[in-house]
Every structure is written in structure tokens, then in C-alpha cells.
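A.B. asks: The file below is work31.cif, mmCIF, C-alpha atoms:
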```
data_entry
#
loop_
_atom_site.group_PDB
_atom_site.id
_atom_site.type_symbol
_atom_site.label_atom_id
_atom_site.label_comp_id
_atom_site.auth_asym_id
_atom_site.auth_seq_id
_atom_site.Cartn_x
_atom_site.Cartn_y
_atom_site.Cartn_z
ATOM 1 C CA MET A 21 25.986 -5.563 -29.787
ATOM 2 C CA SER A 22 22.636 -3.906 -29.233
ATOM 3 C CA LYS A 23 19.587 -6.094 -29.175
ATOM 4 C CA VAL A 24 16.857 -5.260 -31.670
ATOM 5 C CA LEU A 25 13.482 -5.126 -30.007
ATOM 6 C CA PRO A 26 10.366 -6.622 -31.557
ATOM 7 C CA SER A 27 7.916 -4.240 -33.125
ATOM 8 C CA SER A 28 5.606 -4.416 -30.109
ATOM 9 C CA ALA A 29 8.305 -3.047 -27.843
ATOM 10 C CA ALA A 30 9.929 -0.421 -30.068
ATOM 11 C CA ARG A 31 9.104 1.857 -32.960
ATOM 12 C CA PRO A 32 11.275 3.413 -35.677
ATOM 13 C CA ASP A 33 12.317 6.958 -34.898
ATOM 14 C CA GLY A 34 14.348 8.057 -37.847
ATOM 15 C CA PRO A 35 16.911 6.097 -39.925
ATOM 16 C CA GLY A 36 18.623 3.335 -37.988
ATOM 17 C CA ARG A 37 17.137 4.392 -34.657
ATOM 18 C CA LEU A 38 14.614 2.826 -32.352
ATOM 19 C CA ARG A 39 12.571 4.555 -29.694
ATOM 20 C CA ARG A 40 11.335 2.662 -26.671
ATOM 21 C CA PRO A 41 7.909 3.538 -25.373
ATOM 22 C CA SER A 42 7.849 5.707 -22.297
ATOM 23 C CA ALA A 43 6.965 4.149 -18.944
ATOM 24 C CA GLU A 44 3.570 5.775 -19.133
ATOM 25 C CA PRO A 45 1.759 7.415 -22.047
ATOM 26 C CA GLY A 46 2.603 11.072 -22.275
ATOM 27 C CA ARG A 47 5.874 10.840 -20.374
ATOM 28 C CA GLU A 48 9.296 11.271 -21.872
ATOM 29 C CA PRO A 49 11.724 8.341 -21.545
ATOM 30 C CA GLY A 50 15.000 8.692 -19.679
ATOM 31 C CA VAL A 51 17.047 6.809 -17.115
ATOM 32 C CA ALA A 52 16.359 9.261 -14.291
ATOM 33 C CA GLY A 53 12.635 9.282 -15.023
ATOM 34 C CA ALA A 54 12.603 5.484 -15.262
ATOM 35 C CA LEU A 55 14.290 5.178 -11.866
ATOM 36 C CA VAL A 56 11.810 7.549 -10.228
ATOM 37 C CA ARG A 57 8.813 5.819 -11.773
ATOM 38 C CA THR A 58 10.051 2.394 -10.691
ATOM 39 C CA ALA A 59 10.610 3.675 -7.147
ATOM 40 C CA ARG A 60 6.923 4.726 -7.187
ATOM 41 C CA PRO A 61 7.018 7.744 -4.829
ATOM 42 C CA LYS A 62 3.223 7.996 -5.167
ATOM 43 C CA GLN A 63 2.929 4.761 -3.240
ATOM 44 C CA TRP A 64 4.893 6.184 -0.331
ATOM 45 C CA VAL A 65 1.532 7.492 0.858
ATOM 46 C CA LYS A 66 0.997 3.958 2.204
ATOM 47 C CA ASN A 67 3.903 4.523 4.586
ATOM 48 C CA VAL A 68 1.884 7.181 6.431
ATOM 49 C CA LEU A 69 0.571 4.181 8.386
ATOM 50 C CA VAL A 70 3.872 4.374 10.286
ATOM 51 C CA PHE A 71 2.464 7.423 12.093
ATOM 52 C CA ALA A 72 -0.754 5.672 13.170
ATOM 53 C CA ALA A 73 0.376 3.971 16.383
ATOM 54 C CA PRO A 74 2.505 6.904 17.662
ATOM 55 C CA GLY A 75 -0.357 9.266 16.797
ATOM 56 C CA ALA A 76 -2.894 7.139 18.666
ATOM 57 C CA ALA A 77 -0.548 7.033 21.657
ATOM 58 C CA GLY A 78 -0.194 10.832 21.626
ATOM 59 C CA VAL A 79 3.598 10.879 21.418
ATOM 60 C CA LEU A 80 4.076 12.717 18.120
ATOM 61 C CA THR A 81 4.526 15.942 20.073
ATOM 62 C CA HIS A 82 7.581 14.417 21.761
ATOM 63 C CA GLY A 83 10.739 15.267 19.868
ATOM 64 C CA ALA A 84 12.504 11.923 20.229
ATOM 65 C CA ALA A 85 9.434 9.855 19.345
ATOM 66 C CA LEU A 86 8.653 12.067 16.347
ATOM 67 C CA ALA A 87 12.233 11.836 15.079
ATOM 68 C CA ARG A 88 12.239 8.036 15.356
ATOM 69 C CA THR A 89 8.864 7.823 13.618
ATOM 70 C CA LEU A 90 10.044 10.062 10.773
ATOM 71 C CA ALA A 91 13.149 7.893 10.447
ATOM 72 C CA ALA A 92 10.969 4.766 10.271
ATOM 73 C CA PHE A 93 8.845 6.438 7.579
ATOM 74 C CA GLY A 94 11.951 7.215 5.524
ATOM 75 C CA ILE A 95 13.280 3.688 5.970
ATOM 76 C CA PHE A 96 10.013 2.201 4.760
ATOM 77 C CA CYS A 97 10.088 4.458 1.699
ATOM 78 C CA VAL A 98 13.563 3.170 0.820
ATOM 79 C CA VAL A 99 12.747 -0.482 1.501
ATOM 80 C CA ALA A 100 9.384 -0.369 -0.276
ATOM 81 C CA SER A 101 11.028 1.140 -3.349
ATOM 82 C CA GLY A 102 13.648 -1.609 -3.211
ATOM 83 C CA THR A 103 10.919 -4.252 -3.292
ATOM 84 C CA TYR A 104 9.259 -2.467 -6.230
ATOM 85 C CA PHE A 105 12.495 -2.691 -8.219
ATOM 86 C CA LEU A 106 12.872 -6.393 -7.480
ATOM 87 C CA ASN A 107 9.197 -7.179 -8.018
ATOM 88 C CA ASP A 108 9.110 -5.344 -11.354
ATOM 89 C CA THR A 109 12.243 -7.219 -12.427
ATOM 90 C CA MET A 110 10.670 -10.592 -11.661
ATOM 91 C CA ASP A 111 7.225 -9.652 -13.005
ATOM 92 C CA ALA A 112 8.339 -7.916 -16.200
ATOM 93 C CA GLN A 113 6.863 -10.568 -18.475
ATOM 94 C CA ALA A 114 3.529 -10.777 -16.640
ATOM 95 C CA ASP A 115 3.261 -6.988 -16.445
ATOM 96 C CA GLY A 116 3.442 -6.931 -20.233
ATOM 97 C CA HIS A 117 -0.104 -8.335 -20.311
ATOM 98 C CA HIS A 118 -1.526 -5.595 -18.077
ATOM 99 C CA PRO A 119 -3.111 -2.533 -19.749
ATOM 100 C CA THR A 120 -1.214 -0.052 -17.553
ATOM 101 C CA LYS A 121 1.615 -2.028 -15.917
ATOM 102 C CA ARG A 122 3.056 -2.822 -19.339
ATOM 103 C CA HIS A 123 4.199 0.819 -19.398
ATOM 104 C CA ARG A 124 6.379 0.373 -16.309
ATOM 105 C CA PRO A 125 10.053 1.060 -17.110
ATOM 106 C CA ILE A 126 11.322 -2.503 -16.645
ATOM 107 C CA ALA A 127 8.339 -4.141 -18.373
ATOM 108 C CA SER A 128 8.625 -1.746 -21.330
ATOM 109 C CA GLY A 129 12.394 -2.054 -21.578
ATOM 110 C CA ALA A 130 13.167 1.545 -20.598
ATOM 111 C CA LEU A 131 15.153 0.152 -17.653
ATOM 112 C CA SER A 132 17.057 -3.135 -17.896
ATOM 113 C CA ARG A 133 16.372 -6.071 -15.610
ATOM 114 C CA PRO A 134 19.973 -6.260 -14.309
ATOM 115 C CA ALA A 135 19.817 -2.576 -13.376
ATOM 116 C CA GLY A 136 16.510 -3.092 -11.569
ATOM 117 C CA LEU A 137 17.946 -6.046 -9.658
ATOM 118 C CA VAL A 138 21.088 -4.203 -8.542
ATOM 119 C CA ILE A 139 19.231 -1.051 -7.483
ATOM 120 C CA GLY A 140 16.646 -3.089 -5.594
ATOM 121 C CA VAL A 141 19.318 -4.942 -3.618
ATOM 122 C CA ILE A 142 21.120 -1.674 -2.790
ATOM 123 C CA LEU A 143 17.933 -0.030 -1.515
ATOM 124 C CA LEU A 144 16.968 -3.048 0.586
ATOM 125 C CA GLY A 145 20.451 -3.233 2.100
ATOM 126 C CA ALA A 146 20.420 0.487 2.922
ATOM 127 C CA GLY A 147 16.972 0.259 4.526
ATOM 128 C CA LEU A 148 17.809 -2.783 6.636
ATOM 129 C CA GLY A 149 21.062 -1.201 7.785
ATOM 130 C CA ALA A 150 19.318 2.032 8.788
ATOM 131 C CA SER A 151 16.586 0.139 10.666
ATOM 132 C CA LEU A 152 19.207 -1.764 12.637
ATOM 133 C CA ALA A 153 20.700 1.564 13.696
ATOM 134 C CA LEU A 154 17.347 2.423 15.325
ATOM 135 C CA GLY A 155 17.170 -0.872 17.185
ATOM 136 C CA TRP A 156 16.889 -4.556 16.466
ATOM 137 C CA HIS A 157 13.130 -4.577 17.082
ATOM 138 C CA LEU A 158 12.543 -2.274 14.113
ATOM 139 C CA ALA A 159 15.039 -4.272 12.071
ATOM 140 C CA VAL A 160 12.956 -7.411 12.742
ATOM 141 C CA VAL A 161 9.813 -5.666 11.480
ATOM 142 C CA ILE A 162 11.580 -4.355 8.363
ATOM 143 C CA GLY A 163 13.165 -7.773 7.794
ATOM 144 C CA SER A 164 9.739 -9.406 8.114
ATOM 145 C CA TYR A 165 8.347 -6.981 5.549
ATOM 146 C CA VAL A 166 11.137 -7.807 3.104
ATOM 147 C CA ALA A 167 10.682 -11.551 3.706
ATOM 148 C CA VAL A 168 6.931 -11.321 3.061
ATOM 149 C CA GLN A 169 7.541 -9.355 -0.141
ATOM 150 C CA PHE A 170 10.047 -11.946 -1.369
ATOM 151 C CA ALA A 171 7.695 -14.799 -0.497
ATOM 152 C CA TYR A 172 4.923 -12.992 -2.332
ATOM 153 C CA SER A 173 7.012 -12.404 -5.461
ATOM 154 C CA LEU A 174 8.396 -15.938 -5.565
ATOM 155 C CA ARG A 175 5.348 -18.002 -4.597
ATOM 156 C CA LEU A 176 2.451 -16.484 -2.651
ATOM 157 C CA LYS A 177 1.206 -14.303 -5.496
ATOM 158 C CA ARG A 178 0.185 -17.527 -7.242
ATOM 159 C CA GLU A 179 -1.658 -18.924 -4.209
ATOM 160 C CA PRO A 180 -5.301 -17.847 -3.778
ATOM 161 C CA ILE A 181 -6.080 -16.248 -0.391
ATOM 162 C CA PHE A 182 -2.414 -16.214 0.609
ATOM 163 C CA ASP A 183 -1.739 -13.538 -1.991
ATOM 164 C CA LEU A 184 -4.338 -11.307 -0.333
ATOM 165 C CA GLY A 185 -2.883 -11.993 3.095
ATOM 166 C CA ALA A 186 0.676 -11.289 2.008
ATOM 167 C CA VAL A 187 -0.147 -7.890 0.518
ATOM 168 C CA ALA A 188 -2.315 -6.954 3.509
ATOM 169 C CA ALA A 189 0.535 -7.973 5.819
ATOM 170 C CA GLY A 190 2.693 -5.289 4.227
ATOM 171 C CA PHE A 191 0.264 -2.610 5.432
ATOM 172 C CA VAL A 192 0.026 -4.113 8.908
ATOM 173 C CA LEU A 193 3.815 -4.273 9.257
ATOM 174 C CA ARG A 194 3.994 -0.579 8.391
ATOM 175 C CA ALA A 195 1.608 0.174 11.242
ATOM 176 C CA ILE A 196 3.567 -2.045 13.638
ATOM 177 C CA ALA A 197 6.838 -0.396 12.604
ATOM 178 C CA GLY A 198 5.595 2.991 13.796
ATOM 179 C CA GLY A 199 4.769 1.670 17.258
ATOM 180 C CA VAL A 200 8.094 -0.161 17.496
ATOM 181 C CA ALA A 201 10.078 2.865 16.315
ATOM 182 C CA ALA A 202 8.348 5.239 18.762
ATOM 183 C CA ARG A 203 8.462 2.580 21.495
ATOM 184 C CA VAL A 204 4.760 2.674 22.290
ATOM 185 C CA PRO A 205 2.474 -0.313 22.987
ATOM 186 C CA ILE A 206 0.128 -1.398 20.211
ATOM 187 C CA SER A 207 -3.428 -2.301 21.225
ATOM 188 C CA GLU A 208 -5.299 -5.303 19.893
ATOM 189 C CA TRP A 209 -8.026 -3.024 18.488
ATOM 190 C CA PHE A 210 -5.430 -1.097 16.518
ATOM 191 C CA LEU A 211 -4.107 -4.295 14.963
ATOM 192 C CA ILE A 212 -7.595 -5.570 14.092
ATOM 193 C CA VAL A 213 -8.529 -2.320 12.351
ATOM 194 C CA ALA A 214 -5.178 -2.243 10.546
ATOM 195 C CA MET A 215 -5.423 -5.876 9.439
ATOM 196 C CA PHE A 216 -8.959 -5.811 8.095
ATOM 197 C CA GLY A 217 -8.688 -2.287 6.693
ATOM 198 C CA SER A 218 -5.640 -3.469 4.758
ATOM 199 C CA LEU A 219 -7.444 -6.592 3.563
ATOM 200 C CA MET A 220 -10.278 -4.392 2.322
ATOM 201 C CA MET A 221 -7.913 -2.242 0.244
ATOM 202 C CA VAL A 222 -6.098 -5.255 -1.216
ATOM 203 C CA THR A 223 -9.363 -6.973 -2.118
ATOM 204 C CA GLY A 224 -10.615 -3.777 -3.734
ATOM 205 C CA LYS A 225 -7.481 -3.675 -5.874
ATOM 206 C CA ARG A 226 -8.050 -7.279 -6.966
ATOM 207 C CA MET A 227 -11.687 -6.519 -7.805
ATOM 208 C CA ALA A 228 -10.626 -3.649 -10.054
ATOM 209 C CA GLU A 229 -8.025 -5.831 -11.793
ATOM 210 C CA HIS A 230 -10.555 -8.639 -12.169
ATOM 211 C CA ASP A 231 -12.901 -6.278 -13.981
ATOM 212 C CA GLN A 232 -10.295 -4.410 -16.059
ATOM 213 C CA LEU A 233 -8.351 -7.391 -17.413
ATOM 214 C CA GLY A 234 -11.284 -9.535 -18.509
ATOM 215 C CA ASP A 235 -10.160 -12.792 -20.141
ATOM 216 C CA ALA A 236 -6.489 -11.780 -19.823
ATOM 217 C CA ARG A 237 -6.615 -11.645 -16.029
ATOM 218 C CA GLY A 238 -4.993 -15.061 -15.565
ATOM 219 C CA SER A 239 -1.994 -14.209 -17.740
ATOM 220 C CA HIS A 240 -1.211 -11.177 -15.583
ATOM 221 C CA ARG A 241 -1.975 -12.530 -12.116
ATOM 222 C CA ALA A 242 -2.556 -16.246 -11.671
ATOM 223 C CA THR A 243 -4.916 -15.932 -8.704
ATOM 224 C CA LEU A 244 -7.292 -13.625 -10.544
ATOM 225 C CA SER A 245 -8.547 -16.519 -12.656
ATOM 226 C CA ALA A 246 -9.278 -18.442 -9.440
ATOM 227 C CA TYR A 247 -11.365 -15.662 -7.880
ATOM 228 C CA SER A 248 -14.917 -14.925 -8.841
ATOM 229 C CA GLU A 249 -16.257 -11.399 -8.583
ATOM 230 C CA ALA A 250 -18.800 -12.602 -6.012
ATOM 231 C CA PHE A 251 -16.068 -14.076 -3.814
ATOM 232 C CA LEU A 252 -13.968 -10.911 -3.873
ATOM 233 C CA ARG A 253 -17.020 -8.800 -3.121
ATOM 234 C CA GLY A 254 -17.796 -11.048 -0.157
ATOM 235 C CA VAL A 255 -14.254 -10.682 1.209
ATOM 236 C CA LEU A 256 -14.490 -6.914 0.777
ATOM 237 C CA ILE A 257 -17.738 -6.779 2.736
ATOM 238 C CA ILE A 258 -16.366 -8.958 5.551
ATOM 239 C CA ALA A 259 -13.137 -6.954 5.815
ATOM 240 C CA ALA A 260 -14.945 -3.609 5.839
ATOM 241 C CA SER A 261 -17.475 -4.862 8.398
ATOM 242 C CA VAL A 262 -14.826 -6.131 10.810
ATOM 243 C CA ALA A 263 -12.751 -2.955 10.456
ATOM 244 C CA VAL A 264 -15.770 -0.728 11.190
ATOM 245 C CA THR A 265 -16.952 -2.918 14.099
ATOM 246 C CA ALA A 266 -13.495 -3.014 15.685
ATOM 247 C CA TYR A 267 -13.096 0.743 15.347
ATOM 248 C CA CYS A 268 -16.519 1.375 16.915
ATOM 249 C CA LEU A 269 -15.759 -0.938 19.845
ATOM 250 C CA TRP A 270 -12.424 0.806 20.366
ATOM 251 C CA ALA A 271 -14.072 4.250 20.284
ATOM 252 C CA PHE A 272 -16.729 3.248 22.824
ATOM 253 C CA GLU A 273 -14.033 1.726 25.016
ATOM 254 C CA LYS A 274 -12.122 5.017 24.953
ATOM 255 C CA GLN A 275 -15.359 6.865 25.751
ATOM 256 C CA ALA A 276 -15.938 4.616 28.782
ATOM 257 C CA ALA A 277 -12.385 5.204 29.991
ATOM 258 C CA LEU A 278 -12.522 8.993 29.586
ATOM 259 C CA GLY A 279 -16.245 9.615 29.930
ATOM 260 C CA VAL A 280 -15.972 11.093 33.404
ATOM 261 C CA HIS A 281 -14.027 13.989 31.883
ATOM 262 C CA GLY A 282 -16.163 14.251 28.743
ATOM 263 C CA ASP A 283 -13.077 13.935 26.489
ATOM 264 C CA GLY A 284 -14.020 10.569 25.023
ATOM 265 C CA ILE A 285 -16.772 12.112 22.914
ATOM 266 C CA TRP A 286 -14.221 12.968 20.206
ATOM 267 C CA TYR A 287 -13.464 9.290 19.699
ATOM 268 C CA GLN A 288 -17.155 8.539 19.308
ATOM 269 C CA LEU A 289 -17.616 11.388 16.844
ATOM 270 C CA SER A 290 -14.667 10.106 14.814
ATOM 271 C CA ILE A 291 -16.725 6.999 13.995
ATOM 272 C CA VAL A 292 -18.809 9.023 11.524
ATOM 273 C CA PRO A 293 -16.025 10.139 9.137
ATOM 274 C CA PHE A 294 -14.286 6.774 9.551
ATOM 275 C CA VAL A 295 -17.374 4.892 8.360
ATOM 276 C CA LEU A 296 -17.963 7.421 5.571
ATOM 277 C CA ALA A 297 -14.377 6.978 4.376
ATOM 278 C CA ILE A 298 -14.779 3.190 4.331
ATOM 279 C CA LEU A 299 -18.047 3.474 2.405
ATOM 280 C CA ARG A 300 -16.584 6.006 -0.021
ATOM 281 C CA TYR A 301 -13.639 3.726 -0.763
ATOM 282 C CA ALA A 302 -15.999 0.756 -1.267
ATOM 283 C CA PHE A 303 -18.026 2.905 -3.665
ATOM 284 C CA MET A 304 -14.901 3.819 -5.625
ATOM 285 C CA VAL A 305 -13.987 0.142 -5.886
ATOM 286 C CA ASP A 306 -17.497 -0.749 -7.033
ATOM 287 C CA THR A 307 -17.288 1.847 -9.801
ATOM 288 C CA GLY A 308 -13.966 0.461 -11.028
ATOM 289 C CA HIS A 309 -11.534 2.928 -9.446
ATOM 290 C CA GLY A 310 -9.795 0.671 -6.927
ATOM 291 C CA GLY A 311 -6.964 -0.607 -9.123
ATOM 292 C CA ARG A 312 -4.544 1.904 -7.610
ATOM 293 C CA PRO A 313 -5.481 2.653 -3.985
ATOM 294 C CA GLU A 314 -2.851 5.391 -3.735
ATOM 295 C CA ASP A 315 -4.432 7.214 -6.692
ATOM 296 C CA VAL A 316 -7.865 6.976 -5.080
ATOM 297 C CA VAL A 317 -6.549 8.470 -1.848
ATOM 298 C CA LEU A 318 -4.647 11.246 -3.614
ATOM 299 C CA SER A 319 -7.358 12.221 -6.111
ATOM 300 C CA ASP A 320 -10.796 11.700 -4.550
ATOM 301 C CA ARG A 321 -11.809 14.924 -2.771
ATOM 302 C CA ALA A 322 -14.704 13.351 -0.864
ATOM 303 C CA LEU A 323 -12.440 10.660 0.554
ATOM 304 C CA GLN A 324 -9.819 13.275 1.452
ATOM 305 C CA LEU A 325 -12.444 15.386 3.235
ATOM 306 C CA ALA A 326 -13.683 12.427 5.277
ATOM 307 C CA GLY A 327 -10.089 11.559 6.121
ATOM 308 C CA ALA A 328 -9.252 15.110 7.186
ATOM 309 C CA VAL A 329 -12.301 15.312 9.458
ATOM 310 C CA TRP A 330 -11.435 11.938 10.956
ATOM 311 C CA VAL A 331 -7.855 13.006 11.618
ATOM 312 C CA GLY A 332 -9.071 16.213 13.263
ATOM 313 C CA LEU A 333 -11.545 14.460 15.586
ATOM 314 C CA PHE A 334 -9.048 11.719 16.379
ATOM 315 C CA ALA A 335 -6.399 14.287 17.231
ATOM 316 C CA LEU A 336 -8.837 16.068 19.551
ATOM 317 C CA GLY A 337 -9.520 12.779 21.291
ATOM 318 C CA VAL A 338 -5.804 12.087 21.771
ATOM 319 C CA TYR A 339 -4.516 15.549 22.653
ATOM 320 C CA ALA A 340 -7.462 17.608 23.983
ATOM 321 C CA HIS A 341 -7.323 16.390 27.571
#
```
Here is a file; write its structure as C-alpha cells.
C.D. replies:
Amino acid sequence: MSKVLPSSAARPDGPGRLRRPSAEPGREPGVAGALVRTARPKQWVKNVLVFAAPGAAGVLTHGAALARTLAAFGIFCVVASGTYFLNDTMDAQADGHHPTKRHRPIASGALSRPAGLVIGVILLGAGLGASLALGWHLAVVIGSYVAVQFAYSLRLKREPIFDLGAVAAGFVLRAIAGGVAARVPISEWFLIVAMFGSLMMVTGKRMAEHDQLGDARGSHRATLSAYSEAFLRGVLIIAASVAVTAYCLWAFEKQAALGVHGDGIWYQLSIVPFVLAILRYAFMVDTGHGGRPEDVVLSDRALQLAGAVWVGLFALGVYAH
């Protein structure tokens, strides 16, 4: 027997028929569309971090290392989508209080919770199995990512500070996965920049949610009612400052190591677009556009330009000697 939805979740669409709202305004409902939207391919842009460590080590021109890095990227896309399915299944009720997340397929009812649970488990199993095929070291990193995501969904998302750390850890584990997959060492400077850069993005997302949700913030995310805007802004400033300082120290260290050949200058020059990108992202957060970091990265032309210049100078530093 079909279950009649309350008026807030469905609308009449002709005699005896109900129409569920689409996952997002302006999009047509449908199982295939609901699956794609829940998998969130837009957020796969985060998985580009997998290429960071191999790129910094200069091994992306090596066929075997590139193939393993691409495989790690694909595995993270599968596993991340699996966690999105499970997280949306568990958070369906809370997402209903969010102005945009309430349109997600599971929260809106376009995709059932049992279906989301089954698909999530299948994707996680496939990703873990594929990572094991590339070596147990990568499987440990992927397993750690899944464990952190589960801990976040079940408990840490309700614990102030730990919720920020858990989400930031997901970015850091992506960066570590690339180094492990390509079998290159990961420097301490790389990890510091990755950790605090990730914390900056997560804090920016929380700041945007804090501002957008107003008095309803606690019903959507428990920790938001515990954070003040001043506290989040302070964390953002600290994270950005440490990330910039660590990157500058790393660049000057590379300059000292390669200065006799004059090649290290590219690393120093890369500081400029790196700092501009950090400042641009902080500006976007301050103006209320940090709720979806992936949308900021994919839509803001100034940020994309700074990123492209940084990539170019960084690549010259790695490969032009």
C-alpha cells in the first residue's frame, strides 16, 4: 500500500495522483536523476587533492605513477559518493530543516531511505575492494576515510570542534591517498598546508550555514548553535594564517635547495597566487558564498584564475629543471 505524504512533502498533480518535489528547484524528478544528485559528482572536485602529492613530487609524467593516481582518484569518487548516500539517509530528517538540503532526493522523498542505504553500502564495498587491489597501504587510507565519515555521521557531527576536525580530515586523507597510491614520500610542509587549508574551507562552510540558517541552525546541525560567528571567524583566520605561513616556509626552503640553479624562483613566485586564492576564498565566505565550497571553486572566475596561475608556477618549479 502506498504511503500518502503530508502536504509539505507532496502536492496534488491531477486526480488521485501526488507529485514529489524535485531534488532541487527547476529539476525534473526521476530515479536516475535522484541517484546522480545523491552521488554529488560536483563534489568530486575535492578529490583532485589526490593529485597534489604526486604532482609536488614530479611523478605525474611517469606512466605507472599517473595510472595509480588516476585509479586512486576514481576510487575516492566511488567511496565519497557511497558516504553521501549513507549520510543523506541518516540525515534526512535534519536536512529537511535546511533551505537547500531539504531538496536532496532522500530528504525530499524522491529516493527512499532503504535504497540510499543499499547503494551506499555497495559503493563503499566496491571502493574498498578496488583500493585493496592497489595495495594495502591505500586500503588503510580509504578505510580510515570511511571510518571518519561514519564516526562523523553517528557522533562527531554533534561535537563542537571535533566536527570541524572530522570534515577537514577527509580532505587531508585525500591528499595522503595520492602520495600512497603513487608511492612518493609526503613532506611535513605538505601535510600542514593540507590540514589547515582544509580546516579553513570547513570553517568557511560552517560560517555560511551559521548565517543562512539563522534561528533554525541548531535544528539542522547541532554544533552550529554552539558556535558564535566570532569564534568561527577566529578559526578561519588561524587556519588561513597557518596555511599561508607553512606554504611560504616550504617555498623558501625549496628556493634554498635549488637556488644555485635559479630554479627555485618559481616556488617563491607561486606564493603570490596562493595567497590571493586564500584571500579570495575568505572574501567569498565573508560575503556569504562559502556554504558550498565546490560551487565557489567551480563558479568564481577570480579564484579559478589565481588557481590556474598557481598551478602553472608550481608546475614550472617541479618540472622546469
A.B. asks: Which residue, A:Gln275, A:Gln288, A:Ser248, A:Thr58, has the smallest gap to Lys121 of chain A when you use all atoms listed in the file?
C.D. replies: A:Thr58
A.B. asks: Near Leu69 of chain A, counting all atoms listed in the file, which residues have an atom at most 7 Å away, once you skip same-chain residues fewer than 3 positions from it, shown as a short mmCIF file (atom, residue, chain, number, x, y, z; two decimals) with C-alpha atoms, in the coordinates of the input?
C.D. replies:
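Wrote it out as selection.cif, contents follow:
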```
data_model
loop_
_atom_site.label_atom_id
_atom_site.label_comp_id
_atom_site.auth_asym_id
_atom_site.auth_seq_id
_atom_site.Cartn_x
_atom_site.Cartn_y
_atom_site.Cartn_z
CA LYS A 66 1.00 3.96 2.20
CA ALA A 72 -0.75 5.67 13.17
CA ARG A 194 3.99 -0.58 8.39
CA ALA A 195 1.61 0.17 11.24
#
```
A.B. asks: What does the PyMOL selection byres ((chain A and resi 299-301) around 9) select in this file, as a list in words?
C.D. replies: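 What the PyMOL selection byres ((chain A and resi 299-301) around 9) grabs from the file is Met221, Gly224, Ala260, Phe294, Val295, Leu296, Ala297, Ile298, Ala302, Phe303, Met304, Val305, Asp306, His309, Gly310, Pro313, Val316, Val317, Ala322, Leu323 and Ala326 of chain A.
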A.B. asks: Using the chain letters and numbers from the file, which residues does the PyMOL selection byres ((chain A and resi 157) around 12) grab, as a list in words?
C.D. replies: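 With the PyMOL selection byres ((chain A and resi 157) around 12) on this model, the match is Ala92, Leu148, Ser151, Leu152, Ala153, Leu154, Gly155, Trp156, Leu158, Ala159, Val160, Val161, Ile162, Gly163, Ser164, Ile196, Ala197, Gly198, Gly199, Val200, Ala201, Ala202 and Arg203 of chain A.
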A.B. asks: Quick one: which residues end up in the PyMOL selection byres ((chain A and resi 51) around 10) for this structure, as a list in words?
C.D. replies: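 Here the PyMOL selection byres ((chain A and resi 51) around 10) matches Pro49, Gly50, Ala52, Gly53, Ala54, Leu55, Val56, Arg57, Pro125, Ala130, Leu131 and Ser132 of chain A.
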A.B. asks: Have a look at atom CA of Val213 of chain A and atom CA of Val99 of chain A and let me know their distance in Å, one decimal.
C.D. replies: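 Computing the Euclidean distance for atom CA of Val213 of chain A and atom CA of Val99 of chain A yields 24.0 Å.
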A.B. asks: Smallest atom-to-atom distance to Trp270 of chain A: which of A:Leu144, A:Val138, A:Ala335, A:Ile212, using all atoms listed in the file?
C.D. replies: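 Once distances to Trp270 of chain A are computed over all atoms listed in the file, the minimum belongs to A:Ile212.
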A.B. asks: Just give me the gap between atom CA of Tyr165 of chain A and atom CA of Pro180 of chain A in Å, one decimal is fine.
C.D. replies: 19.8 Å
A.B. asks: Work out how far apart atom CA of Trp209 of chain A and atom CA of Lys62 of chain A are and give it in Å to one decimal.
C.D. replies: 28.4 Å
A.B. asks: I'd like the neighbourhood of Leu176 of chain A as a list in words, where a residue qualifies if any of its atoms comes within 8 Å (using only C-alpha atoms), though same-chain residues fewer than 6 positions away should be ignored.
C.D. replies: Phe182, Asp183 and Ala186 of chain A
A.B. asks: Considering all atoms listed in the file, state which residue in the set A:Leu106, A:Met220, A:Ala127, A:Leu80 is at the smallest distance from Ser261 of chain A.
C.D. replies: A:Met220
A.B. asks: Within 9 Å of (-1.0, 0.1, 20.7) (coordinates as in the file), grab all the protein and nucleic acid residues, counting all atoms listed in the file, and write them out as an MDAnalysis selection string.
C.D. replies: chainID A and resid 73:74 76:77 196 199 204:211
A.B. asks: Counting only C-alpha atoms, which residue out of A:Ala87, A:Ala259, A:Ala214, A:Val166 sits closest to Phe191 of chain A?
C.D. replies: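 For Phe191 of chain A, the nearest of the candidates is A:Ala214.
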A.B. asks: Skip Leu184 of chain A itself and residues of its chain fewer than 4 positions away, then list as a list of chain:residue names all residues within 7 Å of it, counting all atoms listed in the file.
C.D. replies: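 Skipping anything fewer than 4 positions along the chain leaves A:Ala188, A:Leu219, A:Val222, A:Thr223.
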A.B. asks: Restricting the calculation to only C-alpha atoms, which member of A:Ala189, A:Ala112, A:Ala167, A:Ala150 is positioned closest to Arg88 of chain A?
C.D. replies: A:Ala150
A.B. asks: Between A:Ala85, A:Cys97, A:Cys268, A:Ile139, which has the minimum distance to Val68 of chain A (counting only C-alpha atoms)?
C.D. replies: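 Selected residue with least distance to Val68 of chain A: A:Cys97.
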A.B. asks: Around all the atoms of segment 296-305 of chain A listed in the file, with 5 Å of room on each side, what axis-aligned box do you get, giving centre and edge lengths in Å to one decimal, as lines of an AutoDock Vina configuration file?
C.D. replies:
```
center_x = -15.8
center_y = 3.8
center_z = -0.2
size_x = 14.4
size_y = 17.3
size_z = 21.5
```
